[in-house]
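Quick look at target.txt (compact mmCIF, C-alpha atoms and all ligand atoms):
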# COMPACT_ATOMS: atom_id res chain seq x y z
CA MET H 1 32.41 20.98 -111.35
CA GLY H 2 29.27 18.88 -111.54
CA LEU H 3 28.95 15.22 -112.39
CA LYS H 4 26.63 13.70 -114.93
CA VAL H 5 26.03 10.11 -115.96
CA ALA H 6 24.94 9.84 -119.58
CA LYS H 7 23.33 6.67 -120.84
CA PHE H 8 22.97 6.23 -124.61
CA GLY H 9 20.33 3.82 -125.90
CA GLY H 10 20.57 1.48 -128.88
CA SER H 11 19.55 3.99 -131.55
CA SER H 12 22.09 6.50 -130.19
CA VAL H 13 24.99 4.08 -130.74
CA ALA H 14 23.61 2.30 -133.82
CA ASP H 15 26.46 3.28 -136.16
CA GLY H 16 29.37 5.66 -136.71
CA ILE H 17 27.09 8.61 -137.48
CA GLN H 18 25.23 8.20 -134.19
CA LEU H 19 28.46 7.72 -132.26
CA GLU H 20 29.73 11.01 -133.67
CA LYS H 21 26.63 12.72 -132.28
CA MET H 22 27.23 11.01 -128.94
CA ARG H 23 30.84 12.23 -128.90
CA LYS H 24 29.80 15.83 -129.59
CA ILE H 25 27.29 15.67 -126.75
CA ILE H 26 29.88 14.28 -124.32
CA MET H 27 32.58 16.74 -125.36
CA HIS H 28 30.17 19.64 -125.05
CA ASP H 29 29.93 19.23 -121.29
CA PRO H 30 32.95 18.07 -119.23
CA ASP H 31 30.58 17.05 -116.42
CA ARG H 32 29.55 14.03 -118.51
CA ARG H 33 32.20 11.81 -116.99
CA TYR H 34 30.51 8.42 -116.90
CA VAL H 35 28.83 6.98 -119.96
CA VAL H 36 26.70 3.84 -120.16
CA VAL H 37 25.86 2.35 -123.54
CA SER H 38 23.36 -0.11 -124.96
CA ALA H 39 24.17 -2.49 -127.78
CA PRO H 40 23.77 -0.94 -131.24
CA GLY H 41 20.09 -0.74 -132.18
CA LYS H 42 18.34 -0.30 -135.52
CA ARG H 43 19.89 2.08 -138.05
CA PHE H 44 16.75 2.19 -140.19
CA ASP H 45 13.29 0.60 -140.33
CA GLY H 46 13.62 -3.11 -140.89
CA ASP H 47 17.20 -3.22 -139.56
CA ASN H 48 18.16 -5.61 -136.73
CA LYS H 49 19.19 -4.73 -133.22
CA ILE H 50 22.44 -6.42 -132.20
CA THR H 51 20.74 -7.84 -129.10
CA ASP H 52 18.03 -9.42 -131.26
CA LEU H 53 20.73 -11.00 -133.45
CA LEU H 54 22.40 -12.40 -130.33
CA PHE H 55 19.08 -13.87 -129.22
CA LEU H 56 18.84 -15.42 -132.67
CA CYS H 57 22.30 -16.98 -132.21
CA LEU H 58 21.02 -18.44 -129.00
CA THR H 59 17.98 -20.02 -130.64
CA GLN H 60 20.26 -21.55 -133.28
CA MET H 61 22.58 -22.89 -130.59
CA GLU H 62 19.66 -24.40 -128.70
CA ASN H 63 18.61 -26.20 -131.86
CA ASN H 64 22.14 -27.36 -132.65
CA ILE H 65 22.33 -25.15 -135.74
CA PRO H 66 25.64 -23.33 -136.19
CA CYS H 67 25.29 -19.60 -135.59
CA ASP H 68 28.60 -18.54 -137.13
CA GLN H 69 26.94 -16.69 -139.99
CA ILE H 70 24.74 -14.56 -137.76
CA PHE H 71 27.64 -13.90 -135.44
CA GLN H 72 29.69 -12.76 -138.44
CA VAL H 73 26.96 -10.19 -139.24
CA ILE H 74 27.36 -8.90 -135.68
CA CYS H 75 31.16 -8.73 -135.95
CA ASP H 76 30.86 -6.92 -139.30
CA ARG H 77 28.68 -4.23 -137.79
CA PHE H 78 31.20 -3.48 -135.07
CA THR H 79 34.05 -3.61 -137.57
CA ALA H 80 32.22 -1.14 -139.84
CA VAL H 81 31.96 1.32 -136.93
CA LYS H 82 35.66 0.91 -136.17
CA LEU H 83 36.55 1.58 -139.83
CA ASN H 84 34.11 4.49 -140.23
CA LEU H 85 35.48 6.24 -137.19
CA ASP H 86 39.05 5.19 -137.90
CA LEU H 87 39.45 3.76 -134.41
CA ASP H 88 42.66 2.30 -133.10
CA ILE H 89 41.11 -0.80 -131.55
CA ASP H 90 41.43 -4.47 -132.37
CA LEU H 91 38.36 -6.51 -131.50
CA THR H 92 39.57 -9.75 -133.13
CA GLU H 93 40.48 -11.37 -129.82
CA ASP H 94 37.08 -10.48 -128.35
CA PHE H 95 35.25 -11.82 -131.42
CA ASP H 96 37.27 -15.05 -131.30
CA GLU H 97 36.65 -15.55 -127.61
CA ILE H 98 32.89 -14.99 -127.92
CA ARG H 99 32.70 -17.28 -130.97
CA GLU H 100 34.66 -19.96 -129.15
CA ARG H 101 32.49 -19.77 -126.05
CA MET H 102 29.34 -19.92 -128.16
CA ARG H 103 30.61 -23.04 -129.92
CA ASN H 104 31.06 -24.60 -126.50
CA GLY H 105 27.50 -23.75 -125.46
CA ALA H 106 28.03 -20.50 -123.53
CA PRO H 107 25.23 -19.54 -121.10
CA LYS H 108 22.34 -17.50 -122.49
CA ASP H 109 22.99 -14.29 -120.55
CA TYR H 110 26.66 -14.24 -121.54
CA VAL H 111 25.72 -14.48 -125.23
CA VAL H 112 23.07 -11.74 -125.23
CA SER H 113 25.21 -9.38 -123.13
CA ARG H 114 28.04 -9.25 -125.68
CA GLY H 115 26.37 -6.47 -127.68
CA GLU H 116 26.78 -4.06 -124.76
CA TYR H 117 30.27 -5.33 -124.01
CA LEU H 118 31.56 -4.66 -127.54
CA SER H 119 29.59 -1.42 -127.80
CA ALA H 120 31.21 -0.06 -124.62
CA LYS H 121 34.69 -1.02 -125.81
CA ILE H 122 34.20 0.84 -129.07
CA ALA H 123 32.65 3.89 -127.37
CA ALA H 124 35.44 4.05 -124.76
CA CYS H 125 38.09 3.99 -127.48
CA TYR H 126 36.30 6.69 -129.48
CA LEU H 127 35.84 8.99 -126.49
CA GLY H 128 39.26 8.31 -125.03
CA TYR H 129 37.58 7.19 -121.78
CA ASP H 130 38.47 4.08 -119.72
CA PHE H 131 36.46 0.93 -120.37
CA VAL H 132 35.05 -0.42 -117.10
CA ASP H 133 33.24 -3.76 -117.35
CA THR H 134 30.15 -4.15 -115.17
CA GLU H 135 30.88 -7.84 -114.63
CA GLY H 136 31.75 -8.21 -110.97
CA LEU H 137 30.43 -4.72 -110.19
CA ILE H 138 26.66 -5.10 -110.62
CA ILE H 139 25.68 -8.03 -108.46
CA PHE H 140 22.51 -10.13 -108.77
CA ASP H 141 21.28 -12.53 -106.12
CA LYS H 142 20.29 -16.05 -107.08
CA ARG H 143 16.71 -14.93 -107.75
CA GLY H 144 17.87 -12.36 -110.28
CA ARG H 145 17.42 -9.26 -108.11
CA VAL H 146 20.13 -6.63 -107.95
CA LYS H 147 21.88 -6.44 -104.59
CA LEU H 148 21.64 -2.69 -104.37
CA ASP H 149 24.03 -1.93 -101.54
CA GLU H 150 26.73 -4.29 -102.67
CA THR H 151 26.45 -3.04 -106.26
CA ASP H 152 26.62 0.54 -105.04
CA ALA H 153 29.74 -0.14 -102.99
CA ARG H 154 31.53 -2.02 -105.77
CA LEU H 155 30.67 0.49 -108.49
CA SER H 156 31.67 3.49 -106.43
CA GLU H 157 34.94 1.90 -105.34
CA GLU H 158 35.87 1.02 -108.92
CA LEU H 159 34.74 4.28 -110.51
CA ALA H 160 36.69 6.32 -107.97
CA LYS H 161 39.75 5.00 -109.81
CA HIS H 162 38.56 6.34 -113.15
CA GLU H 163 38.15 10.03 -113.89
CA ARG H 164 36.11 9.21 -117.00
CA ALA H 165 34.73 5.85 -118.07
CA VAL H 166 32.37 4.01 -120.39
CA LEU H 167 30.44 1.06 -118.98
CA PRO H 168 28.32 -1.52 -120.80
CA GLY H 169 24.63 -1.53 -119.89
CA PHE H 170 22.30 -4.49 -119.42
CA TYR H 171 24.35 -6.93 -117.34
CA GLY H 172 26.30 -7.77 -114.21
CA THR H 173 27.20 -10.95 -112.37
CA ASN H 174 25.14 -13.64 -110.67
CA GLU H 175 26.77 -13.90 -107.24
CA GLU H 176 26.02 -17.59 -106.92
CA THR H 177 27.31 -18.88 -110.23
CA GLY H 178 29.80 -16.12 -110.96
CA GLU H 179 28.35 -16.02 -114.50
CA VAL H 180 27.09 -13.01 -116.44
CA ARG H 181 23.51 -12.12 -115.59
CA THR H 182 21.38 -9.70 -117.63
CA PHE H 183 18.45 -7.47 -116.74
CA SER H 184 15.21 -7.79 -118.69
CA ARG H 185 15.10 -6.14 -122.13
CA GLY H 186 15.82 -2.42 -122.10
CA GLY H 187 17.81 -2.93 -118.90
CA SER H 188 20.71 -0.61 -119.78
CA ASP H 189 18.51 2.13 -118.32
CA ILE H 190 18.89 0.38 -114.97
CA THR H 191 22.67 0.18 -115.32
CA GLY H 192 22.71 3.94 -115.92
CA ALA H 193 20.63 4.52 -112.81
CA LEU H 194 22.90 2.31 -110.68
CA VAL H 195 26.01 4.10 -111.92
CA ALA H 196 24.41 7.51 -111.29
CA ARG H 197 23.63 6.48 -107.74
CA ALA H 198 27.10 5.05 -107.12
CA VAL H 199 28.97 8.16 -108.26
CA LYS H 200 26.39 10.49 -106.66
CA ALA H 201 25.68 12.19 -109.96
CA ASP H 202 23.90 15.54 -110.07
CA VAL H 203 21.79 14.24 -112.91
CA TYR H 204 21.23 11.01 -114.79
CA GLU H 205 20.88 11.81 -118.48
CA ASN H 206 19.13 9.21 -120.57
CA TRP H 207 19.84 9.88 -124.25
CA THR H 208 17.40 8.29 -126.66
CA ASP H 209 15.61 9.09 -129.92
CA VAL H 210 12.75 11.19 -128.53
CA SER H 211 12.88 14.55 -126.75
CA GLY H 212 11.37 13.23 -123.53
CA PHE H 213 7.75 12.54 -122.77
CA LEU H 214 4.85 14.15 -124.55
CA MET H 215 1.51 14.92 -122.93
CA ALA H 216 -0.14 12.29 -125.11
CA ASP H 217 0.78 9.75 -127.76
CA PRO H 218 1.61 11.88 -130.85
CA ARG H 219 0.05 9.25 -133.10
CA ILE H 220 -3.25 10.12 -131.45
CA VAL H 221 -2.81 13.79 -130.60
CA LYS H 222 -0.95 15.56 -133.41
CA GLY H 223 1.50 18.09 -132.01
CA ALA H 224 1.10 16.90 -128.39
CA LYS H 225 3.08 19.23 -126.13
CA PRO H 226 6.31 18.02 -124.48
CA ILE H 227 6.36 17.51 -120.72
CA GLY H 228 9.18 19.66 -119.32
CA ASN H 229 9.16 18.13 -115.87
CA ILE H 230 7.35 15.29 -114.19
CA SER H 231 7.52 13.67 -110.77
CA TYR H 232 8.44 10.00 -110.33
CA MET H 233 4.93 9.28 -109.12
CA GLU H 234 3.28 10.81 -112.16
CA LEU H 235 5.68 8.98 -114.42
CA ARG H 236 4.88 5.70 -112.74
CA GLU H 237 1.17 6.21 -113.44
CA LEU H 238 1.77 7.18 -117.06
CA SER H 239 4.19 4.32 -117.75
CA TYR H 240 1.82 1.84 -116.19
CA MET H 241 -0.70 2.99 -118.76
CA GLY H 242 1.66 2.50 -121.65
CA ALA H 243 3.78 5.64 -121.99
CA SER H 244 7.17 4.01 -122.23
CA VAL H 245 10.53 5.65 -122.77
CA LEU H 246 12.40 4.34 -119.75
CA HIS H 247 12.65 0.87 -118.15
CA GLU H 248 10.43 1.06 -115.08
CA ASP H 249 13.07 -0.46 -112.78
CA ALA H 250 15.44 2.38 -113.66
CA ILE H 251 13.56 4.78 -111.43
CA TYR H 252 14.12 3.16 -108.04
CA PRO H 253 17.93 3.54 -107.64
CA VAL H 254 17.97 7.22 -108.57
CA ARG H 255 14.80 8.03 -106.71
CA LEU H 256 16.41 6.58 -103.62
CA ALA H 257 19.36 8.92 -104.07
CA GLY H 258 17.24 11.94 -105.08
CA ILE H 259 18.93 12.22 -108.48
CA PRO H 260 16.82 13.69 -111.29
CA ILE H 261 16.60 11.87 -114.61
CA ASN H 262 16.74 13.93 -117.78
CA ILE H 263 15.43 12.23 -120.93
CA ARG H 264 17.24 13.77 -123.94
CA ASN H 265 17.30 13.28 -127.70
CA THR H 266 20.65 12.38 -129.30
CA ASN H 267 19.35 13.63 -132.65
CA HIS H 268 18.18 16.95 -131.17
CA PRO H 269 20.56 17.77 -128.32
CA GLU H 270 19.28 21.35 -128.28
CA ASP H 271 15.93 20.11 -126.87
CA GLN H 272 15.89 20.17 -123.09
CA GLY H 273 13.78 16.98 -122.88
CA THR H 274 11.88 15.89 -119.77
CA VAL H 275 13.28 16.15 -116.25
CA ILE H 276 11.97 13.54 -113.80
CA THR H 277 12.25 14.61 -110.17
CA ALA H 278 11.32 13.21 -106.78
CA GLU H 279 8.76 15.86 -105.97
CA HIS H 280 6.20 17.74 -107.96
CA ASP H 281 7.19 21.40 -108.23
CA PRO H 282 4.57 23.31 -106.16
CA GLU H 283 5.18 26.41 -108.31
CA ASP H 284 3.98 24.50 -111.33
CA LYS H 285 0.44 25.61 -112.03
CA ARG H 286 -0.49 23.12 -114.74
CA VAL H 287 -3.50 20.94 -113.96
CA ILE H 288 -2.63 17.78 -115.81
CA THR H 289 0.76 16.40 -116.75
CA GLY H 290 -0.15 13.72 -119.26
CA ILE H 291 -2.70 11.30 -120.64
CA ALA H 292 -2.00 7.66 -121.46
CA GLY H 293 -4.11 4.62 -122.07
CA ASN H 294 -4.40 1.07 -123.28
CA ARG H 295 -6.98 -0.83 -125.27
CA ASP H 296 -8.53 -4.26 -124.75
CA PHE H 297 -9.71 -4.79 -121.21
CA THR H 298 -12.60 -6.86 -119.93
CA VAL H 299 -14.95 -5.52 -117.27
CA ILE H 300 -16.91 -8.04 -115.23
CA ALA H 301 -19.67 -6.06 -113.50
CA ILE H 302 -21.38 -7.95 -110.67
CA TYR H 303 -24.71 -6.83 -109.18
CA LYS H 304 -26.18 -8.07 -105.95
CA ASN H 305 -28.80 -6.41 -103.82
CA THR H 306 -27.31 -5.11 -100.52
CA LEU H 307 -23.88 -6.34 -101.55
CA ASN H 308 -22.34 -3.63 -99.37
CA LYS H 309 -23.67 -5.39 -96.26
CA GLU H 310 -22.29 -8.82 -97.19
CA ILE H 311 -19.04 -9.29 -95.31
CA GLY H 312 -16.30 -11.00 -97.33
CA PHE H 313 -17.94 -10.59 -100.76
CA VAL H 314 -15.01 -8.78 -102.36
CA ARG H 315 -12.50 -11.06 -100.66
CA ARG H 316 -14.24 -14.11 -102.09
CA LEU H 317 -14.38 -12.49 -105.52
CA LEU H 318 -10.67 -11.79 -105.39
CA SER H 319 -9.93 -15.36 -104.28
CA ILE H 320 -11.69 -16.62 -107.39
CA ILE H 321 -9.54 -14.32 -109.52
CA GLU H 322 -6.44 -15.47 -107.64
CA ASP H 323 -7.34 -19.15 -107.98
CA HIS H 324 -7.39 -18.69 -111.74
CA ARG H 325 -3.96 -17.03 -111.53
CA ILE H 326 -5.29 -13.82 -113.02
CA ASN H 327 -3.74 -10.42 -112.44
CA PHE H 328 -6.40 -7.69 -112.27
CA GLU H 329 -6.03 -3.95 -112.86
CA HIS H 330 -8.82 -2.19 -110.96
CA ILE H 331 -11.79 -2.99 -108.81
CA PRO H 332 -14.19 -0.06 -108.53
CA THR H 333 -17.10 -0.69 -106.16
CA GLY H 334 -20.58 0.74 -105.67
CA ILE H 335 -23.39 0.03 -103.22
CA ASP H 336 -24.86 -2.96 -104.98
CA THR H 337 -22.14 -3.47 -107.55
CA VAL H 338 -18.54 -4.37 -107.85
CA SER H 339 -16.62 -4.46 -111.12
CA ILE H 340 -13.34 -6.07 -111.83
CA ILE H 341 -11.18 -4.98 -114.71
CA ILE H 342 -8.73 -7.36 -116.30
CA SER H 343 -6.69 -7.10 -119.48
CA ASN H 344 -8.03 -9.30 -122.26
CA LYS H 345 -4.68 -11.07 -122.61
CA GLU H 346 -4.77 -12.00 -118.93
CA ILE H 347 -8.26 -13.51 -119.00
CA GLU H 348 -8.06 -15.15 -122.43
CA GLY H 349 -9.43 -18.69 -122.27
CA LYS H 350 -10.45 -18.32 -118.61
CA LEU H 351 -13.52 -16.07 -118.75
CA ASP H 352 -16.19 -18.82 -118.79
CA ASP H 353 -14.63 -20.66 -115.85
CA VAL H 354 -14.31 -17.43 -113.86
CA LEU H 355 -17.96 -16.54 -114.51
CA GLU H 356 -19.07 -20.02 -113.51
CA ASP H 357 -17.18 -19.77 -110.21
CA ILE H 358 -18.56 -16.28 -109.50
CA ASN H 359 -22.11 -17.51 -110.10
CA LEU H 360 -21.63 -20.59 -107.95
CA GLN H 361 -19.79 -19.03 -105.04
CA LEU H 362 -21.17 -15.48 -104.88
CA LYS H 363 -24.71 -15.99 -106.17
CA PRO H 364 -25.03 -12.53 -107.71
CA ASP H 365 -28.33 -11.16 -109.10
CA ASN H 366 -26.69 -10.35 -112.40
CA ILE H 367 -23.33 -10.23 -114.15
CA ASP H 368 -22.52 -8.08 -117.18
CA VAL H 369 -19.35 -8.60 -119.16
CA TYR H 370 -17.83 -6.03 -121.54
CA THR H 371 -14.82 -7.22 -123.47
CA ASP H 372 -14.02 -4.15 -125.55
CA ILE H 373 -12.97 -1.58 -122.97
CA SER H 374 -10.08 0.86 -123.12
CA LEU H 375 -8.63 2.47 -120.02
CA ILE H 376 -7.39 6.03 -120.09
CA ALA H 377 -5.48 7.65 -117.26
CA THR H 378 -5.38 11.42 -116.88
CA VAL H 379 -2.45 12.11 -114.59
CA GLY H 380 -1.23 15.21 -112.81
CA CYS H 381 -0.23 16.23 -109.30
CA GLY H 382 -1.88 19.55 -110.13
CA MET H 383 -5.29 17.86 -109.93
CA SER H 384 -5.06 17.26 -106.18
CA PHE H 385 -7.19 19.56 -104.12
CA ARG H 386 -8.32 21.42 -107.22
CA PRO H 387 -12.09 21.43 -107.53
CA GLY H 388 -13.70 21.09 -110.92
CA VAL H 389 -11.10 18.93 -112.64
CA SER H 390 -13.32 15.88 -113.01
CA ALA H 391 -16.25 18.11 -114.01
CA MET H 392 -14.11 19.51 -116.83
CA LEU H 393 -13.04 16.08 -117.95
CA PHE H 394 -16.48 14.49 -117.85
CA SER H 395 -18.34 17.36 -119.46
CA ALA H 396 -15.82 17.48 -122.32
CA LEU H 397 -16.37 13.78 -122.92
CA ALA H 398 -20.15 14.17 -122.70
CA LYS H 399 -20.08 17.05 -125.17
CA ASN H 400 -18.30 14.76 -127.61
CA ASP H 401 -20.81 11.98 -127.05
CA ILE H 402 -18.31 9.65 -125.44
CA ASN H 403 -19.91 7.27 -123.01
CA ILE H 404 -17.87 6.59 -119.87
CA ARG H 405 -18.21 2.97 -118.79
CA MET H 406 -16.15 3.16 -115.61
CA ILE H 407 -14.43 5.72 -113.39
CA ASP H 408 -11.68 5.11 -110.88
CA GLN H 409 -9.81 7.83 -109.08
CA GLY H 410 -6.63 6.85 -107.26
CA SER H 411 -6.51 7.86 -103.61
CA SER H 412 -3.59 10.17 -104.36
CA GLU H 413 -5.99 12.34 -106.37
CA MET H 414 -3.39 12.64 -109.08
CA ASN H 415 -4.97 10.16 -111.40
CA ILE H 416 -8.43 9.74 -112.91
CA ILE H 417 -8.91 6.52 -114.82
CA ILE H 418 -11.88 6.13 -117.10
CA GLY H 419 -13.07 3.17 -119.12
CA VAL H 420 -14.54 3.77 -122.57
CA ALA H 421 -15.44 1.49 -125.47
CA ASN H 422 -12.43 0.61 -127.64
CA LYS H 423 -14.01 2.49 -130.53
CA ASP H 424 -13.89 5.72 -128.47
CA PHE H 425 -10.30 5.28 -127.31
CA GLU H 426 -8.57 7.79 -129.56
CA SER H 427 -11.33 10.40 -129.58
CA ALA H 428 -11.51 10.27 -125.76
CA ILE H 429 -7.76 10.96 -125.47
CA ARG H 430 -8.01 13.84 -127.94
CA THR H 431 -11.03 15.25 -126.11
CA ILE H 432 -9.30 15.18 -122.72
CA TYR H 433 -6.15 16.68 -124.19
CA GLU H 434 -8.08 19.53 -125.76
CA ALA H 435 -10.14 20.16 -122.64
CA PHE H 436 -7.00 20.83 -120.60
CA ASN H 437 -4.98 22.58 -123.27
CA GLU H 438 -7.31 25.27 -124.47
N1 LIG H 501 20.34 -4.20 -125.60
C1 LIG H 501 19.36 -4.59 -124.65
C2 LIG H 501 18.00 -4.67 -125.31
O1 LIG H 501 17.90 -4.50 -126.52
C3 LIG H 501 19.34 -3.73 -123.43
C4 LIG H 501 19.14 -2.26 -123.70
O2 LIG H 501 19.32 -1.77 -124.80
O3 LIG H 501 18.80 -1.55 -122.75
O4 LIG H 501 17.04 -4.92 -124.65
The structure given in the file should be rewritten as structure tokens.
Ligand code: ASP
Amino acid sequence: MGLKVAKFGGSSVADGIQLEKMRKIIMHDPDRRYVVVSAPGKRFDGDNKITDLLFLCLTQMENNIPCDQIFQVICDRFTAVKLNLDLDIDLTEDFDEIRERMRNGAPKDYVVSRGEYLSAKIAACYLGYDFVDTEGLIIFDKRGRVKLDETDARLSEELAKHERAVLPGFYGTNEETGEVRTFSRGGSDITGALVARAVKADVYENWTDVSGFLMADPRIVKGAKPIGNISYMELRELSYMGASVLHEDAIYPVRLAGIPINIRNTNHPEDQGTVITAEHDPEDKRVITGIAGNRDFTVIAIYKNTLNKEIGFVRRLLSIIEDHRINFEHIPTGIDTVSIIISNKEIEGKLDDVLEDINLQLKPDNIDVYTDISLIATVGCGMSFRPGVSAMLFSALAKNDINIRMIDQGSSEMNIIIGVANKDFESAIRTIYEAFNE
């Protein structure tokens, strides 16, 4: 028998109908022994996520406004699920305890974690699995980082006592204060990964509302093909550029243990989704895996004659950027030029001061600034050592009259990043997609 950890995101546990789908999925495969759940998410457009409502309670509490009404909305949603599914569970004591602690100014992380706590209790009852709280099992240090080894040891010791269990996502315990501590938003993905590692799962299934990753954003490329498998490294590049399905910190624990992640769709369990593995499959002949991008970057292009001979030029440029506490994305260099690419949000309100410092300290011959740049990453392990890939990409763009303002190829050769004007963003993505999918 194999062992699978299945994590269900907010939309997959949003109401009784979704929980029924979850139950069918679990019952379909006896290997799905450990289940991690998010708090109920939106049931329809304009609906509220339970976690957002809990954050709202918190804001009310901070402003000394009673939050009983909002908390009642939360309780009613859980009660509706219990009634719809005819569950033999009484949550009154839990509701009362949470309400009481909130009235007495409960800590922030405790409040916002209660969505997952109640969600896991309901799911455990419905599945007939044990409820195992992650408090005291997932351990954070005082700086908010998970203590991986200790967490691994505690989770595996506890779960060895349970043949089948449901665990709440999103939180654990701060070892210093002993209080509940949450991950950042979307953090139930990380809980799932930690559980998968602790029980040495064969696969970590992440059930959500999409059938895995697509080769490009379907809002831009209609009918973009699904990605059947992708390596962690490729995924990292694509997520960095905005393709987001999974919390980025969820990759590390399972990567460490060599456990594949399978992104699946609760609403279409027949779809096989995307499998994320440690290594790229050498048998796989496809050239590119996916295309992702983001709008609104600023390029500061600096020209200085014989810049390449001036020792320390780039270091001094980077110190200026650092002094202004700016995080940059790329820094392509040429013989007499160096460009630095920064997201517009990052440089907002600082551009004039940065330019003044560059002029004063580096004495360049010229500086050009472009504030309307989009970055597009074409990613694929299949590009390495394959001649002609960039030629294909650039000639397709040229044929469609798209001017490339910057090129940066990662040293891994599995990523070509180009900069284009914001107005060309979507057509550039479509052009690249078509060039490699004909
Ligand atoms: N419920 C939390 C959130 O909305 C965590 C999660 O769903 O992963 O961010």
Taking all atoms listed in the file into account, name the residue in H:Ala160, H:Met241, H:Leu127, H:Ala257 that is nearest to Lys24 (chain H).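 The answer is H:Leu127, which sits nearest to Lys24 (chain H).
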All residues within 7 Å of ligand LIG 501 (chain H) are required, counting only C-alpha atoms and all ligand atoms; please report them as a VMD selection string. chain H and resid 9 to 10 38 to 39 49 51 to 52 115 to 116 169 to 170 184 to 189
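From CA of Leu56 (chain H) back to CA of Val132 (chain H), the distance works out to 27.0 Å.
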Give the answer as one residue: which of H:Ala14, H:Val199, H:Ile321, H:Leu148 has the shortest atom-to-atom distance to Ile358 (chain H), using only C-alpha atoms?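 For Ile358 (chain H), the nearest of the candidates is H:Ile321.
Taking all atoms listed in the file, the non-local environment of Ser427 (chain H) within 10 Å (same-chain residues fewer than 2 positions away omitted) comprises H:Ile220, H:Val221, H:Leu397, H:Asn400, H:Asp401, H:Ile402, H:Lys423, H:Asp424, H:Phe425, H:Ile429, H:Arg430, H:Thr431, H:Ile432, H:Tyr433.
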Which polymer residues, protein or nucleic acid, are no farther than 9 Å from (26.3, -4.4, -114.7), counting only C-alpha atoms, as a PyMOL selection string? chain H and resi 133-139+151+167-173+180-183+188+190-191+194-195
I need the chosen residues saved as a PDB file, in the coordinates of the input, with C-alpha atoms.
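Writing done, so here's out.pdb:
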ATOM      1  CA  ASP H 133      33.240  -3.760-117.350  1.00  0.00           C
ATOM      2  CA  THR H 134      30.150  -4.150-115.170  1.00  0.00           C
ATOM      3  CA  GLU H 135      30.880  -7.840-114.630  1.00  0.00           C
ATOM      4  CA  GLY H 136      31.750  -8.210-110.970  1.00  0.00           C
ATOM      5  CA  LEU H 137      30.430  -4.720-110.190  1.00  0.00           C
ATOM      6  CA  ILE H 138      26.660  -5.100-110.620  1.00  0.00           C
ATOM      7  CA  ILE H 139      25.680  -8.030-108.460  1.00  0.00           C
ATOM      8  CA  THR H 151      26.450  -3.040-106.260  1.00  0.00           C
ATOM      9  CA  LEU H 167      30.440   1.060-118.980  1.00  0.00           C
ATOM     10  CA  PRO H 168      28.320  -1.520-120.800  1.00  0.00           C
ATOM     11  CA  GLY H 169      24.630  -1.530-119.890  1.00  0.00           C
ATOM     12  CA  PHE H 170      22.300  -4.490-119.420  1.00  0.00           C
ATOM     13  CA  TYR H 171      24.350  -6.930-117.340  1.00  0.00           C
ATOM     14  CA  GLY H 172      26.300  -7.770-114.210  1.00  0.00           C
ATOM     15  CA  THR H 173      27.200 -10.950-112.370  1.00  0.00           C
ATOM     16  CA  VAL H 180      27.090 -13.010-116.440  1.00  0.00           C
ATOM     17  CA  ARG H 181      23.510 -12.120-115.590  1.00  0.00           C
ATOM     18  CA  THR H 182      21.380  -9.700-117.630  1.00  0.00           C
ATOM     19  CA  PHE H 183      18.450  -7.470-116.740  1.00  0.00           C
ATOM     20  CA  SER H 188      20.710  -0.610-119.780  1.00  0.00           C
ATOM     21  CA  ILE H 190      18.890   0.380-114.970  1.00  0.00           C
ATOM     22  CA  THR H 191      22.670   0.180-115.320  1.00  0.00           C
ATOM     23  CA  LEU H 194      22.900   2.310-110.680  1.00  0.00           C
ATOM     24  CA  VAL H 195      26.010   4.100-111.920  1.00  0.00           C
TER      25      VAL H 195
END
Shell around region 90-95 of chain H at 12 Å using only C-alpha atoms, local window under 2 positions removed, as JSON, numbers by chain: {"H": [68, 71, 72, 73, 74, 75, 76, 77, 78, 79, 80, 81, 82, 83, 86, 87, 88, 97, 98, 99, 100, 101, 102, 111, 114, 115, 117, 118, 119, 120, 121, 122, 125]}
Do you know which residues lie at most 9 Å from (11.7, 0.8, -114.5), with coordinates as in the file and all atoms listed in the file counted, and could you write them as a PyMOL selection string? chain H and resi 187+189-190+236+239+246-252
Could the residues in this selection be saved with C-alpha atoms as a CSV table (one decimal), in the coordinates of the input?
chain,number,residue,atom,x,y,z
H,187,GLY,CA,17.8,-2.9,-118.9
H,189,ASP,CA,18.5,2.1,-118.3
H,190,ILE,CA,18.9,0.4,-115.0
H,236,ARG,CA,4.9,5.7,-112.7
H,239,SER,CA,4.2,4.3,-117.8
H,246,LEU,CA,12.4,4.3,-119.8
H,247,HIS,CA,12.6,0.9,-118.2
H,248,GLU,CA,10.4,1.1,-115.1
H,249,ASP,CA,13.1,-0.5,-112.8
H,250,ALA,CA,15.4,2.4,-113.7
H,251,ILE,CA,13.6,4.8,-111.4
H,252,TYR,CA,14.1,3.2,-108.0
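With only C-alpha atoms as the atoms that count, the residue of H:His162, H:Val299, H:Ala292, H:Val5 with the shortest distance to Pro218 (chain H) is H:Ala292.
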Pairwise distance, CA of Asn48 (chain H) with CA of Glu62 (chain H), equals 20.5 Å
